[in-house]
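Written out below as structure tokens is the structure these notes cover.
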Amino acid sequence: MKLLLINIKELLQVREPAPAKLSGTDMRTLPTIQNAWLLLNNKVIEDYGTMDHPPVGNFSQIIDCTGRLVLPTWCDSHSHIVFAGNREQEFVDRINGLSYQEIAEKGGGILNSAQKLQETSEKELFDQSALRLEEVMYQGTGALEIKSGYGLTPEAELKMLRVAKKLAKKFPIAIKTTFLGAHALPTKYKNDKDGYLDLICEEMLPQVAAEGLADYIDIFCEEGYFSVADTHRILTEGKKYSLIPKIHVNQFNAIGGVAAGVEHKALSVDHLELITDQDIEALKGSDTMPVALPGCSYFLSIPYTPGRRIIDAGLPLALATDFNPGSSPSGNMNFVVATACIKMKLTPEEAINAATLNGAYAMGLEKTHGSITRGKAASVIITEEIPSYGYLPYAFGSNCINQVILNGRII
């Protein structure tokens with residue numbers, strides 16, 4: 001199927017060839033073509049150019065994009081979209097004065113979600129997660145990382161990852177999966193952290209690897225959860241099964257987890273609401289992508305990742321949703337991009353680069369997603385008629401998307 005988009009007001013993120021990622025001042029540049037056309041052939045981008053020299057031939061469908069912008073779909077490199085139920089009562093508890101940590105200490109938080117998930121059948125979990133996935137696809141997400149971590153038992157963790165794999169087979173969206181068994185301590189192991197780590201390393205990891213359920217391994221490196229020493233152990237074990245590290249770090253405290261991630265050549269270090277000079281120095285010269293999750297900061301009323309400081313230090317930055325039931329119950333990347341501009345002081349160019357090309361890098365998809373490049377996935381957003389791409393973060397409460405095309409398929 002050949003799908004031709006014509007009269008595009010502005011085609012964004014056009015890169016030939018596309019770099020793997022963007023860092024520092026390079027993030028301020030967003031290459032575009034005005035009055036453009038874009039040809040999608042089956043599942044890939046075949047060609048593009050200006051309307052001064054339109055393509056000729058037979059096309060399955062032609063879409064007139066007069067007044068509209070076209071850009072690559074969002075690449076959300078950090079989500080927990082496979083979960084059961086919700087935690088709206090904890091939302092009310094926080095309004096009434098309890099902190100995220102206090103809620104967790106009384107059996108809420110991750111443990112609450114784990115109990116619900118353990119009690120939910122695999123079919124029901126798939127059905128709930130599919131609805132969320134469809135929602136984020138309509139909101140322009142074309143690549144998504146899905147973590148486990150709300151199971152906390154061998155059976156439930158495997159169930160989450162199996163559901164994620166089934167979602168990847170059913171829907172025309174690129175999905176990467178991450179094993180996050182070390183998300184929190186189950187009640188049974190409240191006073192036996194080493195015992196739970198043994199369970200992860202000796203029972204969960206071998207099963208995850210045997211079924212080919214994960215691309216990455218993750219751990220919540222944070223006070224009250226897992227230490228830097230625990231992080232070294234989990235990431236080392238994961239490598240034995242060819243699982244690439246990605247870690248939650250510096251959400252509430254900076255305890256040395258960033259340096260540990262870099263030491264293990266983590267693909268990304270995510271959260272970074274707090275970041276020290278030592279963390280920035282550790283990231284310099286590495287291939288590790290810092291990932292900010294502004295939806296979490298918004299929802300929990302905690303500090304935002306200092307994205308301006310990270311970029312100004314010459315580092316790259318990606319943006320993701322952290323879609324989960326407790327601290328970021330939204331998978332809307334449009335809101336993430338807007339919030340990064342409004343609260344983190346990123347320019348629209350930096351935010352779009354962080355949510356496309358750098359987001360693709362943060363889940364190992366930089367060769368297929370994140371830019372308008374010949375041979376990459378035919379996954380694009382067609383906006384409504386808007387004045388400029390700066391309008392996308394400016395109109396943060398509006399739906400500026402007219403159509404989404406994933407792998408050459410209009411959804």
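Quick note on naming: the chains in the structure tokens go A, B, ... in the order shown, residues restart at 1 in each chain, and ligands are numbered from 1 in order of appearance.
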At most 8 Å is the cut-off: for each residue in range 259-304 of chain A with any atom that close to an atom of range 331-353 of chain A, write down the nearest atom pair and the distance in Å rounded to one decimal, counting only C-alpha atoms, chain first then increasing number, as a Markdown table.
```
| residue | atom | partner | partner_atom | distance |
| --- | --- | --- | --- | --- |
| A:Leu293 | CA | A:Val336 | CA | 7.6 |
| A:Pro294 | CA | A:Val336 | CA | 6.1 |
| A:Gly295 | CA | A:Val336 | CA | 6.0 |
| A:Tyr304 | CA | A:Met344 | CA | 6.6 |
```
Mind listing the helix (DSSP H, G or I) residues of range 265-348 of chain A, per DSSP on the backbone, as a ChimeraX atom specification? /A:277-283,294-300,307-312,333-344,348
Prev. selection, N, CA and C atoms, output as a tab-separated table (two decimals), in the first residue's frame:
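Now in result36.tsv:
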```
chain	number	residue	atom	x	y	z
A	277	ASP	N	26.15	17.21	40.69
A	277	ASP	CA	27.27	17.45	39.78
A	277	ASP	C	27.97	16.14	39.45
A	278	GLN	N	28.07	15.26	40.45
A	278	GLN	CA	28.73	13.96	40.23
A	278	GLN	C	27.95	13.11	39.22
A	279	ASP	N	26.60	13.18	39.29
A	279	ASP	CA	25.78	12.44	38.33
A	279	ASP	C	26.03	12.94	36.91
A	280	ILE	N	26.08	14.24	36.75
A	280	ILE	CA	26.29	14.82	35.42
A	280	ILE	C	27.66	14.43	34.89
A	281	GLU	N	28.66	14.46	35.74
A	281	GLU	CA	30.00	14.07	35.31
A	281	GLU	C	30.04	12.60	34.92
A	282	ALA	N	29.30	11.76	35.66
A	282	ALA	CA	29.27	10.33	35.34
A	282	ALA	C	28.64	10.09	33.97
A	283	LEU	N	27.65	10.91	33.61
A	283	LEU	CA	26.95	10.72	32.34
A	283	LEU	C	27.75	11.23	31.15
A	294	PRO	N	8.12	14.07	33.29
A	294	PRO	CA	7.43	15.22	33.89
A	294	PRO	C	6.00	14.95	34.33
A	295	GLY	N	5.34	13.95	33.74
A	295	GLY	CA	3.98	13.62	34.19
A	295	GLY	C	3.97	13.16	35.63
A	296	CYS	N	5.02	12.46	36.04
A	296	CYS	CA	5.13	11.99	37.42
A	296	CYS	C	5.33	13.17	38.37
A	297	SER	N	6.19	14.10	37.98
A	297	SER	CA	6.42	15.29	38.81
A	297	SER	C	5.14	16.10	38.95
A	298	TYR	N	4.42	16.24	37.86
A	298	TYR	CA	3.16	16.98	37.88
A	298	TYR	C	2.16	16.35	38.84
A	299	PHE	N	2.02	15.02	38.74
A	299	PHE	CA	0.99	14.33	39.51
A	299	PHE	C	1.34	14.24	41.00
A	300	LEU	N	2.62	14.05	41.32
A	300	LEU	CA	3.04	13.91	42.71
A	300	LEU	C	3.44	15.23	43.36
A	307	GLY	N	15.91	19.44	33.34
A	307	GLY	CA	16.25	19.18	31.95
A	307	GLY	C	17.13	20.26	31.35
A	308	ARG	N	16.85	21.53	31.73
A	308	ARG	CA	17.67	22.63	31.21
A	308	ARG	C	19.12	22.45	31.62
A	309	ARG	N	19.35	22.07	32.87
A	309	ARG	CA	20.71	21.86	33.36
A	309	ARG	C	21.39	20.69	32.65
A	310	ILE	N	20.64	19.61	32.42
A	310	ILE	CA	21.18	18.42	31.77
A	310	ILE	C	21.61	18.75	30.33
A	311	ILE	N	20.73	19.41	29.58
A	311	ILE	CA	21.05	19.74	28.19
A	311	ILE	C	22.19	20.75	28.12
A	312	ASP	N	22.15	21.76	28.99
A	312	ASP	CA	23.20	22.78	28.98
A	312	ASP	C	24.56	22.21	29.37
A	333	MET	N	1.70	11.63	25.60
A	333	MET	CA	2.99	12.24	25.32
A	333	MET	C	2.86	13.71	24.91
A	334	ASN	N	1.70	14.12	24.39
A	334	ASN	CA	1.50	15.52	24.06
A	334	ASN	C	1.58	16.38	25.32
A	335	PHE	N	0.98	15.89	26.40
A	335	PHE	CA	1.06	16.59	27.68
A	335	PHE	C	2.49	16.61	28.21
A	336	VAL	N	3.21	15.51	28.03
A	336	VAL	CA	4.61	15.42	28.47
A	336	VAL	C	5.46	16.46	27.76
A	337	VAL	N	5.29	16.57	26.45
A	337	VAL	CA	6.05	17.55	25.67
A	337	VAL	C	5.73	18.97	26.14
A	338	ALA	N	4.45	19.25	26.33
A	338	ALA	CA	4.06	20.58	26.79
A	338	ALA	C	4.60	20.88	28.18
A	339	THR	N	4.52	19.91	29.08
A	339	THR	CA	4.99	20.11	30.45
A	339	THR	C	6.49	20.31	30.49
A	340	ALA	N	7.22	19.62	29.62
A	340	ALA	CA	8.67	19.81	29.56
A	340	ALA	C	9.01	21.25	29.17
A	341	CYS	N	8.21	21.83	28.28
A	341	CYS	CA	8.44	23.22	27.89
A	341	CYS	C	8.02	24.18	29.00
A	342	ILE	N	6.87	23.92	29.59
A	342	ILE	CA	6.30	24.86	30.56
A	342	ILE	C	7.03	24.81	31.90
A	343	LYS	N	7.34	23.61	32.37
A	343	LYS	CA	7.90	23.45	33.72
A	343	LYS	C	9.41	23.18	33.74
A	344	MET	N	9.95	22.61	32.66
A	344	MET	CA	11.37	22.27	32.64
A	344	MET	C	12.17	23.24	31.77
A	348	PRO	N	10.57	24.22	22.34
A	348	PRO	CA	9.78	23.24	21.59
A	348	PRO	C	10.64	22.30	20.77
```
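Between Ser79 in chain A and the candidates A:Glu102, A:Glu222, A:Glu10, A:Glu145, the tightest atom-to-atom separation, counting only C-alpha atoms, involves A:Glu145.
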Take CA of Arg162 in chain A and CA of Gln128 in chain A and report the distance between them in Å, one decimal.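 Here the two named atoms are 14.0 Å from each other.
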Which one is closest to Arg87 in chain A: A:Pro325, A:Leu5, A:Ala184, A:Asn399? Count only C-alpha atoms. A:Pro325
Distance query Ile405 in chain A at most 9 Å, only C-alpha atoms, self and fewer than 2 positions along chain excluded, as a PyMOL selection string: chain A and resi 73+140+142+378-382+403+407-411
Keeping C-alpha atoms, export the residues of the selection given above as a PDB file, in the first residue's frame.
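Here's the written file part02.pdb:
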```pdb
ATOM      1  CA  THR A  73       5.070   9.564  16.207  1.00  0.00           C
ATOM      2  CA  GLY A 140       0.277   9.808  18.761  1.00  0.00           C
ATOM      3  CA  GLY A 142       4.144   4.951  17.867  1.00  0.00           C
ATOM      4  CA  ALA A 378       5.901   4.681   8.400  1.00  0.00           C
ATOM      5  CA  SER A 379       4.605   6.004  11.721  1.00  0.00           C
ATOM      6  CA  VAL A 380       3.605   9.664  11.720  1.00  0.00           C
ATOM      7  CA  ILE A 381       1.276  12.198  13.306  1.00  0.00           C
ATOM      8  CA  ILE A 382      -0.826  14.542  11.173  1.00  0.00           C
ATOM      9  CA  GLN A 403      -4.748  11.507  12.303  1.00  0.00           C
ATOM     10  CA  ASN A 407       3.421   1.238  10.258  1.00  0.00           C
ATOM     11  CA  GLY A 408       1.633   2.617   7.226  1.00  0.00           C
ATOM     12  CA  ARG A 409      -1.787   1.988   8.711  1.00  0.00           C
ATOM     13  CA  ILE A 410      -4.229   4.807   9.466  1.00  0.00           C
ATOM     14  CA  ILE A 411      -5.645   4.167  12.913  1.00  0.00           C
TER      15      ILE A 411
END
```
Taking into account only C-alpha atoms, which residue in the set A:Phe91, A:Phe171, A:Tyr189, A:Phe83 is nearest to Ala156 in chain A?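 Comparing A:Phe91, A:Phe171, A:Tyr189, A:Phe83 against Ala156 in chain A, the winner is A:Phe83.
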